[in-house]
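Below: the structure, in structure tokens.
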2 protein chains.
Amino acid sequence: MRILLVEDDSRIARDLMTALENAGYVVEHESDGEEAWFMGDTENYDAAILDLGLPSMDGLAILKRWRETKRAFPVLILTARGTWRERVEGIDAGADDYLPKPFQMDELLARLRAIIRRSTGQSSDFVEIGPVTLDTKQMRITVNGAPVNLSPQEYRLVSYLMHHAGRVVTQQELTEHIYAQDFERDSNVIEVLVGRSRKKLGVDLIETRRGFGYIIASPGNEA
Amino acid sequence: MRILLVEDDSRIARDLMTALENAGYVVEHESDGEEAWFMGDTENYDAAILDLGLPSMDGLAILKRWRETKRAFPVLILTARGTWRERVEGIDAGADDYLPKPFQMDELLARLRAIIRRSTGQSSDFVEIGPVTLDTKQMRITVNGAPVNLSPQEYRLVSYLMHHAGRVVTQQELTEHIYAQDFERDSNVIEVLVGRSRKKLGVDLIETRRGFGYIIASPGNEA
DNA sequence: CGTGCGTTGTCAGCGTTTTGTCAGGCACAA
DNA sequence: TTGTGCCTGACAAAACGCTGACAACGCACG
């Protein structure tokens, strides 16, 4: 899970990053508002933690602009000024939850889990691509109806690619989503994983885009 | 099965907890409304029993906020003021059933069973999977008609898995539903429990998905 | 008031699977 | 041809889940 943390107080930010990383998230930190907006607008996160009262751009403004451009990841708002007014404004601007400072780290983690669950909870149970079916309930992949015995990492990899079929996915992106803490960059785990998955699947599903990453053709777009 | 009990009258709460625990449920009790909402929002329960007329936050408000945030566990409303109006309001707010005080404990247990049954998609008090039958009323499991002598914890485990047949259930999820909130995470109790249950059942019912959890194949999905 | 039995969680040991690394080789593009 | 990126097989370490033994505990029964 990849989280965008927008917080200008460097002490709080450091503590939060530590706690979040310990909890298994991949965290990216931004202290500048304009920069934060750009990151949220262009990158893919599973959630954002947003401090109100930033320099250069107001937190609420960032949130509004994200929502205007249809960025849908859940946002948890954080602020020292825990007034009723702000709470309403935050929710109106499209926040998913609200946490006044000071807060307990456990509560933050719990609320973060809650908003992520809500946002991903209603995904469909199956993804079908050609003869390959991903059953998220059974956590199983079948080819022509026959179950394939993938290891956890292989399953995560194929699952991620299938969920993002029709789009090139970089090795870096895969690494970020498959591994919790940041992982040694110069390693060929992904290549190995792809190889093993391909062999087990026995079908041409994962295509290599030399120099860019991997792609699974989406059902409509043969590519 | 893990139940959230929201009740401020400590005498009633105590009696209820005793009865519920005797009936095999894991019960967590909250008397404060705000706190109760938070627990229901962040933890996973199989059902909640909710007293209306609490201090600090109205029971109906709690329920509404749960439903707004997509929390779907069944809720049984409990109130002394058994008016027609309140009943309607409760149902509108997303309650699954309604029980006026004073009530018979047996009736409460029956209604609780009913709403849990409905929520897990079962239509009777029995869950049958192959030769194994779960009788939720008698709290018994039979294999080919012969009763199996499971301990309380083993029963909870198998029962939970059977209620969620066809889905992979993680060890963490099992822990959360079989034990109350505060339980050491780093332990292999679940593995031990699974082992003991398997031995007593003597049938291949519980399948291990290494790295993910356990699954019982649902009647339709042969796997 | 003991006593014995069933239950429960912990633990250490074991076999198996998984996983990351590495080196060598291949393929593709310049 | 050359360089870069990707693939592959082998290997060792780590992770994972299963099991039997054991001690603590509660509880019913004598």
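Each chain in the structure tokens gets a letter, A, B, ..., in the order shown, and its residues are numbered from 1; ligands are numbered from 1 in order too.
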Practice task
Kindly provide, as a list of chain:residue names, the residues of chain A having any atom no farther than 6 Å from an atom of chain B, counting only C-alpha atoms.
Solution key: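 The complete set of qualifying residues is A:Ala110, A:Ala114, A:Lys137, A:Gln138, A:Pro152.
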Taking only residues of chain A that have an atom at most 9 Å from an atom of chain C, what is each one's shortest atom pair and its distance in Å to one decimal, using only C-alpha atoms (C1' of nucleotides), in chain and number order, as JSON lines?
```
{"residue": "A:Ser151", "atom": "CA", "partner": "C:DT18", "partner_atom": "C1'", "distance": 7.1}
{"residue": "A:Pro152", "atom": "CA", "partner": "C:DT18", "partner_atom": "C1'", "distance": 8.5}
{"residue": "A:Gln153", "atom": "CA", "partner": "C:DT19", "partner_atom": "C1'", "distance": 8.7}
{"residue": "A:Ser187", "atom": "CA", "partner": "C:DT21", "partner_atom": "C1'", "distance": 8.1}
{"residue": "A:Asn188", "atom": "CA", "partner": "C:DT21", "partner_atom": "C1'", "distance": 8.5}
{"residue": "A:Val189", "atom": "CA", "partner": "C:DG20", "partner_atom": "C1'", "distance": 6.6}
{"residue": "A:Arg210", "atom": "CA", "partner": "C:DC28", "partner_atom": "C1'", "distance": 8.7}
```
Item checked: A:Ile91, A:Ala23, A:Ile190, A:Leu201 ranked by distance to chain D, top pick (using only C-alpha atoms (C1' of nucleotides)) ->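 Closest residue, counting only C-alpha atoms (C1' of nucleotides): A:Ile190.
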For chain D versus chain A, which residues have an atom no more than 9 Å away, and what is each residue's nearest atom pair and distance in Å rounded to one decimal, using only C-alpha atoms (C1' of nucleotides), chain-then-number order, as a Markdown table?
```
| residue | atom | partner | partner_atom | distance |
| --- | --- | --- | --- | --- |
| D:DG5 | C1' | A:Gly211 | CA | 6.8 |
| D:DC6 | C1' | A:Glu191 | CA | 7.3 |
| D:DC7 | C1' | A:Gly195 | CA | 7.1 |
| D:DT8 | C1' | A:Gly195 | CA | 7.9 |
```
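A straight line drawn from atom CA of Pro74 of chain B to atom CA of Arg111 of chain B is 10.9 Å long.
By only C-alpha atoms (C1' of nucleotides), and with residues fewer than 3 positions from segment 126-135 of chain A along its chain excluded, the set lying at most 7 Å from it is A:Gln138, A:Met139, A:Arg140, A:Ile141, A:Thr142, A:Val143, A:Asn144, A:Ser218, A:Pro219.
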Could the residues in this selection be written to a file with N, CA and C atoms, as a short mmCIF file (atom, residue, chain, number, x, y, z; two decimals), in the first residue's frame?
```cif
data_model
loop_
_atom_site.label_atom_id
_atom_site.label_comp_id
_atom_site.auth_asym_id
_atom_site.auth_seq_id
_atom_site.Cartn_x
_atom_site.Cartn_y
_atom_site.Cartn_z
N GLN A 138 -11.32 -16.26 -3.44
CA GLN A 138 -10.60 -17.49 -3.16
C GLN A 138 -9.10 -17.28 -3.25
N MET A 139 -8.69 -16.08 -3.66
CA MET A 139 -7.27 -15.77 -3.87
C MET A 139 -6.64 -16.83 -4.74
N ARG A 140 -7.23 -16.99 -5.89
CA ARG A 140 -6.78 -18.07 -6.76
C ARG A 140 -6.89 -17.65 -8.19
N ILE A 141 -5.96 -18.14 -8.99
CA ILE A 141 -5.98 -17.84 -10.41
C ILE A 141 -6.18 -19.13 -11.17
N THR A 142 -7.08 -19.11 -12.12
CA THR A 142 -7.33 -20.30 -12.91
C THR A 142 -7.09 -20.01 -14.38
N VAL A 143 -6.58 -21.02 -15.08
CA VAL A 143 -6.40 -20.93 -16.53
C VAL A 143 -7.26 -22.01 -17.15
N ASN A 144 -8.22 -21.61 -17.96
CA ASN A 144 -9.18 -22.54 -18.53
C ASN A 144 -9.86 -23.37 -17.44
N SER A 218 -5.62 -5.75 -22.01
CA SER A 218 -6.97 -5.79 -21.46
C SER A 218 -7.90 -6.45 -22.47
N PRO A 219 -8.99 -7.07 -22.00
CA PRO A 219 -9.88 -7.87 -22.85
C PRO A 219 -10.21 -7.21 -24.19
#
```
As a check of understanding: the span from atom CA of His29 of chain B to atom CA of Asp8 of chain B is 9.3 Å
Task: Those of segment 38-106 of chain A in DSSP strand (DSSP E or B), formatted as a list in words - done: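 DSSP-assigned strand (DSSP E or B) residues in segment 38-106 of chain A: Ala47, Ala48, Ile49, Leu50, Asp51, Val75, Leu76, Ile77, Leu78, Thr79, Asp97, Tyr98, Leu99 and Pro100 of chain A.
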Report task. Write out as an NGL selection string all residues of segment 5-155 of chain B that backbone DSSP assigns to helix (DSSP H, G or I). Result -> :B and (10-22 or 33-42 or 59-68 or 84-92 or 105-119 or 152-155)
Item to check | Atomic separation - atom CA of Gly94 of chain B relative to atom CA of Arg67 of chain B, Å | outcome: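 Separation of atom CA of Arg67 of chain B and atom CA of Gly94 of chain B: 6.7 Å.
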